[in-house]
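Printed here is input-v9.pdb (PDB, C-alpha atoms):
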ATOM      1  CA  MET F   1     -13.313   9.409 -97.426
ATOM      2  CA  ILE F   2      -9.772   9.718 -96.014
ATOM      3  CA  SER F   3     -10.167   6.468 -94.060
ATOM      4  CA  THR F   4     -11.214   4.675 -97.262
ATOM      5  CA  ASP F   5      -8.218   6.118 -99.137
ATOM      6  CA  PHE F   6      -5.947   5.121 -96.264
ATOM      7  CA  ASP F   7      -7.291   1.553 -96.219
ATOM      8  CA  THR F   8      -7.004   1.270-100.004
ATOM      9  CA  LEU F   9      -3.406   2.480-100.141
ATOM     10  CA  PHE F  10      -2.026   0.903 -96.986
ATOM     11  CA  LYS F  11      -4.026  -2.304 -96.400
ATOM     12  CA  PRO F  12      -1.154  -4.542 -97.637
ATOM     13  CA  TYR F  13       1.172  -2.981 -95.044
ATOM     14  CA  LEU F  14      -1.017  -2.596 -91.942
ATOM     15  CA  SER F  15      -0.070  -5.980 -90.478
ATOM     16  CA  LEU F  16       3.664  -5.244 -90.748
ATOM     17  CA  ARG F  17       5.674  -4.230 -87.705
ATOM     18  CA  LEU F  18       8.671  -2.242 -88.903
ATOM     19  CA  SER F  19      10.861   0.347 -87.268
ATOM     20  CA  ALA F  20       9.227   3.755 -87.035
ATOM     21  CA  PHE F  21      11.699   5.125 -89.582
ATOM     22  CA  ASP F  22      11.041   2.235 -92.002
ATOM     23  CA  ASN F  23       7.314   2.943 -91.622
ATOM     24  CA  ILE F  24       7.797   6.592 -92.564
ATOM     25  CA  LYS F  25       9.872   5.530 -95.604
ATOM     26  CA  LEU F  26       7.195   2.999 -96.596
ATOM     27  CA  ILE F  27       4.400   5.575 -96.346
ATOM     28  CA  ALA F  28       6.433   8.121 -98.307
ATOM     29  CA  ALA F  29       7.067   5.529-101.040
ATOM     30  CA  VAL F  30       3.400   4.526-101.311
ATOM     31  CA  LEU F  31       2.145   8.125-101.388
ATOM     32  CA  SER F  32       4.868   9.174-103.818
ATOM     33  CA  ASP F  33       3.996   6.250-106.113
ATOM     34  CA  ALA F  34       0.316   7.298-105.954
ATOM     35  CA  GLY F  35       1.228  10.908-106.817
ATOM     36  CA  GLU F  36      -0.108  12.146-103.490
ATOM     37  CA  PRO F  37       1.377  15.176-101.695
ATOM     38  CA  TYR F  38       2.521  14.543 -98.123
ATOM     39  CA  GLN F  39       4.913  15.771 -95.469
ATOM     40  CA  CYS F  40       7.141  13.610 -93.232
ATOM     41  CA  ILE F  41       7.377  14.914 -89.688
ATOM     42  CA  GLU F  42       9.042  14.255 -86.369
ATOM     43  CA  ALA F  43       7.141  15.725 -83.435
ATOM     44  CA  HIS F  44       6.545  15.375 -79.726
ATOM     45  CA  PHE F  45       3.193  14.085 -78.605
ATOM     46  CA  GLN F  46       1.431  13.549 -75.340
ATOM     47  CA  ASP F  47       0.787  10.007 -74.170
ATOM     48  CA  ALA F  48      -2.942   9.271 -74.483
ATOM     49  CA  VAL F  49      -2.976   7.374 -71.178
ATOM     50  CA  ASN F  50      -0.598   9.501 -69.067
ATOM     51  CA  ALA F  51      -0.698  13.214 -69.913
ATOM     52  CA  GLN F  52       2.571  13.744 -68.004
ATOM     53  CA  VAL F  53       4.515  11.633 -70.524
ATOM     54  CA  GLN F  54       5.822  13.043 -73.809
ATOM     55  CA  HIS F  55       7.149  10.926 -76.687
ATOM     56  CA  SER F  56       8.942  11.807 -79.896
ATOM     57  CA  GLY F  57       7.476  10.132 -82.949
ATOM     58  CA  TYR F  58       7.359  10.024 -86.717
ATOM     59  CA  PHE F  59       4.240  11.097 -88.565
ATOM     60  CA  VAL F  60       3.149  11.674 -92.142
ATOM     61  CA  ARG F  61       0.725  14.502 -92.798
ATOM     62  CA  TRP F  62      -1.342  13.595 -95.847
ATOM     63  CA  LYS F  63      -4.343  15.631 -96.971
ATOM     64  CA  GLU F  64      -6.179  16.352 -93.694
ATOM     65  CA  THR F  65      -4.896  13.154 -92.118
ATOM     66  CA  TRP F  66      -2.021  12.376 -89.775
ATOM     67  CA  ILE F  67      -0.501   8.893 -89.994
ATOM     68  CA  PHE F  68       1.503   7.676 -87.004
ATOM     69  CA  CYS F  69       4.620   5.674 -87.878
ATOM     70  CA  GLY F  70       5.822   4.978 -84.345
ATOM     71  CA  ILE F  71       7.906   6.374 -81.515
ATOM     72  CA  THR F  72      11.299   7.388 -82.948
ATOM     73  CA  ASN F  73      13.221   4.545 -81.295
ATOM     74  CA  ASP F  74      10.569   1.854 -81.889
ATOM     75  CA  TYR F  75      11.675  -1.139 -83.959
ATOM     76  CA  ASN F  76       8.323  -2.921 -83.922
ATOM     77  CA  ALA F  77       5.783  -0.234 -84.798
ATOM     78  CA  ALA F  78       2.444  -0.372 -86.566
ATOM     79  CA  ILE F  79       1.130   2.184 -89.047
ATOM     80  CA  THR F  80      -2.028   3.825 -87.673
ATOM     81  CA  LEU F  81      -4.230   6.829 -88.297
ATOM     82  CA  VAL F  82      -3.985   9.510 -85.621
ATOM     83  CA  SER F  83      -7.377   9.967 -84.002
ATOM     84  CA  GLN F  84      -6.323  12.610 -81.455
ATOM     85  CA  ILE F  85      -4.350  15.227 -83.388
ATOM     86  CA  GLU F  86      -4.588  17.544 -80.381
ATOM     87  CA  LEU F  87      -2.042  15.318 -78.584
ATOM     88  CA  ILE F  88       0.642  16.312 -81.132
ATOM     89  CA  ASN F  89       2.739  19.294 -80.043
ATOM     90  CA  MET F  90       2.571  21.397 -83.214
ATOM     91  CA  ALA F  91       5.343  23.700 -81.953
ATOM     92  CA  SER F  92       7.768  20.755 -81.888
ATOM     93  CA  ILE F  93       7.337  19.756 -85.548
ATOM     94  CA  ILE F  94      10.503  19.090 -87.524
ATOM     95  CA  VAL F  95      10.004  18.337 -91.220
ATOM     96  CA  LYS F  96      12.073  15.262 -92.123
ATOM     97  CA  ASP F  97      13.745  14.660 -95.466
ATOM     98  CA  VAL F  98      13.044  10.975 -96.015
ATOM     99  CA  PRO F  99      14.614   8.994 -98.883
ATOM    100  CA  ILE F 100      11.965   7.856-101.345
ATOM    101  CA  MET F 101      12.098   4.166-102.119
ATOM    102  CA  THR F 102      10.706   2.548-105.240
ATOM    103  CA  MET F 103       7.854   0.095-104.747
ATOM    104  CA  GLN F 104      10.311  -2.696-105.578
ATOM    105  CA  GLN F 105      12.521  -1.544-102.705
ATOM    106  CA  VAL F 106       9.442  -1.511-100.457
ATOM    107  CA  SER F 107       8.738  -5.128-101.454
ATOM    108  CA  PHE F 108      12.303  -6.144-100.647
ATOM    109  CA  MET F 109      12.112  -4.388 -97.267
ATOM    110  CA  CYS F 110       8.859  -6.190 -96.445
ATOM    111  CA  ILE F 111      10.298  -9.573 -97.497
ATOM    112  CA  GLU F 112      13.423  -9.014 -95.390
ATOM    113  CA  THR F 113      11.287  -8.077 -92.396
ATOM    114  CA  ALA F 114       8.994 -11.089 -92.798
ATOM    115  CA  HIS F 115      12.016 -13.380 -93.085
ATOM    116  CA  PHE F 116      13.743 -11.827 -90.077
ATOM    117  CA  ASP F 117      10.599 -12.078 -87.944
ATOM    118  CA  HIS F 118      10.208 -15.797 -88.612
ATOM    119  CA  CYS F 119      13.818 -16.944 -88.200
TER     120      CYS F 119
END
Translate the structure of the given file into structure tokens.
Amino acid sequence: MISTDFDTLFKPYLSLRLSAFDNIKLIAAVLSDAGEPYQCIEAHFQDAVNAQVQHSGYFVRWKETWIFCGITNDYNAAITLVSQIELINMASIIVKDVPIMTMQQVSFMCIETAHFDHC
């Protein structure tokens, strides 16, 4: 059910590669527009390939789902569902206050990104 909701809400944006912070703003805007409760988070997480490596990333917790927005300094990140929540260090969570954009602002951001990527 969550995967279907995720696909329905975010399908138009899944091919975009934005900065991790732009992704978190986009997700917040879409969920806010849909009237869905959510929480924007910065947290450390363990690398799935190398357990010795820790990253800091942006996430959105929505319903029982975690959405990964990218590593905090990533400027070419995809929006993905987190499949291994156990890799997130729950003790490191910092709730982020993210500005909520209108859907028109989201459209402008996506147009600017598409234009920039193809110049």
- line: For F:Asp97, the closest of F:Leu9, F:Ala77, F:Cys40, F:Val53 counting all atoms listed in the file is F:Cys40
task: Run the PyMOL selection byres ((chain F and resi 14) around 12) against the file shown and list the residues it catches, as number ranges by chain.
output: F: 6-13, 15-18, 23, 26-27, 67-69, 77-81, 110
message: I'd like to know which of F:Ala48, F:Ile71, F:Val106, F:Val95 is closest to F:Ser83, using only C-alpha atoms.
response: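 Once distances to F:Ser83 are computed over only C-alpha atoms, the minimum belongs to F:Ala48.
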query: With distances taken over only C-alpha atoms, which of F:Asn76, F:Gln104, F:Gln84, F:Ser92 is nearest to F:Asp47?
result: F:Gln84
task: Tell me which residues the PyMOL selection byres ((chain F and resi 36) around 12) grabs here, as number ranges by chain.
output: F: 5-6, 9, 27-35, 37-39, 60-63
message: Residues near F:Phe45, anyone? I mean within 7 Å using only C-alpha atoms, not counting same-chain ones fewer than 4 positions away, as a PyMOL selection string.
response: chain F and resi 54-56+87-89
- request: Give the answer as one residue: which of F:Thr72, F:Ala43, F:Thr65, F:Ser107 has the shortest atom-to-atom distance to F:Ile93, using all atoms listed in the file?
  value: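 Distance minimum relative to F:Ile93 lands on F:Ala43.
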- request: Enter the distance from atom CA of F:Phe59 to atom CA of F:Lys25, in Å, rounded to one decimal.
  value: 10.6 Å
message: Report, in Å with one decimal, the straight-line distance from atom CA of F:Met90 to atom CA of F:Glu64.
response: 14.6 Å
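Going from atom CA of F:Asp22 to atom CA of F:Asn50 covers 26.7 Å.
Across F:Ile24, F:Ile94, F:Val82, F:Ile100, the tightest approach to F:His44 is made by F:Ile94 when counting only C-alpha atoms.
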Using the atoms already present, construct all heavy atoms for stretch 18-29 of chain F and hand them back as a tab-separated table (two decimals), in the frame of the given file.
chain	number	residue	atom	x	y	z
F	18	LEU	N	7.34	-2.70	-88.50
F	18	LEU	CA	8.67	-2.24	-88.90
F	18	LEU	C	9.17	-1.22	-87.90
F	18	LEU	O	8.43	-0.79	-87.00
F	18	LEU	CB	8.60	-1.60	-90.30
F	18	LEU	CG	8.05	-2.47	-91.43
F	18	LEU	CD1	7.90	-1.63	-92.70
F	18	LEU	CD2	8.96	-3.66	-91.68
F	19	SER	N	10.40	-0.77	-88.10
F	19	SER	CA	10.86	0.35	-87.27
F	19	SER	C	10.05	1.58	-87.66
F	19	SER	O	9.50	1.66	-88.76
F	19	SER	CB	12.35	0.60	-87.49
F	19	SER	OG	12.57	1.22	-88.74
F	20	ALA	N	9.98	2.53	-86.76
F	20	ALA	CA	9.23	3.76	-87.04
F	20	ALA	C	9.78	4.46	-88.27
F	20	ALA	O	9.02	4.96	-89.11
F	20	ALA	CB	9.26	4.68	-85.82
F	21	PHE	N	11.12	4.46	-88.42
F	21	PHE	CA	11.70	5.12	-89.58
F	21	PHE	C	11.41	4.35	-90.87
F	21	PHE	O	11.15	4.95	-91.92
F	21	PHE	CB	13.20	5.36	-89.41
F	21	PHE	CG	13.75	6.33	-90.41
F	21	PHE	CD1	13.45	7.68	-90.33
F	21	PHE	CD2	14.54	5.90	-91.47
F	21	PHE	CE1	13.93	8.59	-91.27
F	21	PHE	CE2	15.03	6.80	-92.41
F	21	PHE	CZ	14.72	8.15	-92.31
F	22	ASP	N	11.42	3.02	-90.82
F	22	ASP	CA	11.04	2.24	-92.00
F	22	ASP	C	9.58	2.48	-92.36
F	22	ASP	O	9.22	2.55	-93.53
F	22	ASP	CB	11.29	0.75	-91.78
F	22	ASP	CG	12.76	0.36	-91.91
F	22	ASP	OD1	13.55	1.18	-92.43
F	22	ASP	OD2	13.11	-0.76	-91.50
F	23	ASN	N	8.72	2.64	-91.36
F	23	ASN	CA	7.31	2.94	-91.62
F	23	ASN	C	7.16	4.28	-92.34
F	23	ASN	O	6.38	4.40	-93.28
F	23	ASN	CB	6.51	2.97	-90.31
F	23	ASN	CG	6.14	1.59	-89.84
F	23	ASN	OD1	6.12	0.63	-90.60
F	23	ASN	ND2	5.84	1.48	-88.55
F	24	ILE	N	7.91	5.29	-91.91
F	24	ILE	CA	7.80	6.59	-92.56
F	24	ILE	C	8.30	6.52	-94.01
F	24	ILE	O	7.72	7.10	-94.92
F	24	ILE	CB	8.48	7.71	-91.75
F	24	ILE	CG1	7.92	9.08	-92.12
F	24	ILE	CG2	9.98	7.72	-91.89
F	24	ILE	CD1	8.36	10.22	-91.21
F	25	LYS	N	9.37	5.72	-94.23
F	25	LYS	CA	9.87	5.53	-95.60
F	25	LYS	C	8.85	4.77	-96.45
F	25	LYS	O	8.64	5.12	-97.62
F	25	LYS	CB	11.20	4.77	-95.59
F	25	LYS	CG	12.36	5.55	-95.01
F	25	LYS	CD	13.71	4.88	-95.20
F	25	LYS	CE	13.73	3.43	-94.82
F	25	LYS	NZ	15.06	2.82	-94.89
F	26	LEU	N	8.21	3.77	-95.87
F	26	LEU	CA	7.20	3.00	-96.60
F	26	LEU	C	6.03	3.89	-97.00
F	26	LEU	O	5.58	3.88	-98.15
F	26	LEU	CB	6.72	1.84	-95.72
F	26	LEU	CG	5.71	0.90	-96.35
F	26	LEU	CD1	5.92	-0.52	-95.82
F	26	LEU	CD2	4.29	1.32	-96.08
F	27	ILE	N	5.53	4.68	-96.05
F	27	ILE	CA	4.40	5.58	-96.35
F	27	ILE	C	4.78	6.60	-97.41
F	27	ILE	O	4.01	6.86	-98.33
F	27	ILE	CB	3.90	6.26	-95.07
F	27	ILE	CG1	3.28	5.21	-94.14
F	27	ILE	CG2	2.90	7.36	-95.38
F	27	ILE	CD1	3.01	5.71	-92.74
F	28	ALA	N	5.97	7.16	-97.30
F	28	ALA	CA	6.43	8.12	-98.31
F	28	ALA	C	6.50	7.47	-99.68
F	28	ALA	O	6.10	8.08	-100.69
F	28	ALA	CB	7.80	8.68	-97.91
F	29	ALA	N	6.97	6.23	-99.76
F	29	ALA	CA	7.07	5.53	-101.04
F	29	ALA	C	5.69	5.28	-101.64
F	29	ALA	O	5.46	5.52	-102.84
F	29	ALA	CB	7.81	4.21	-100.86
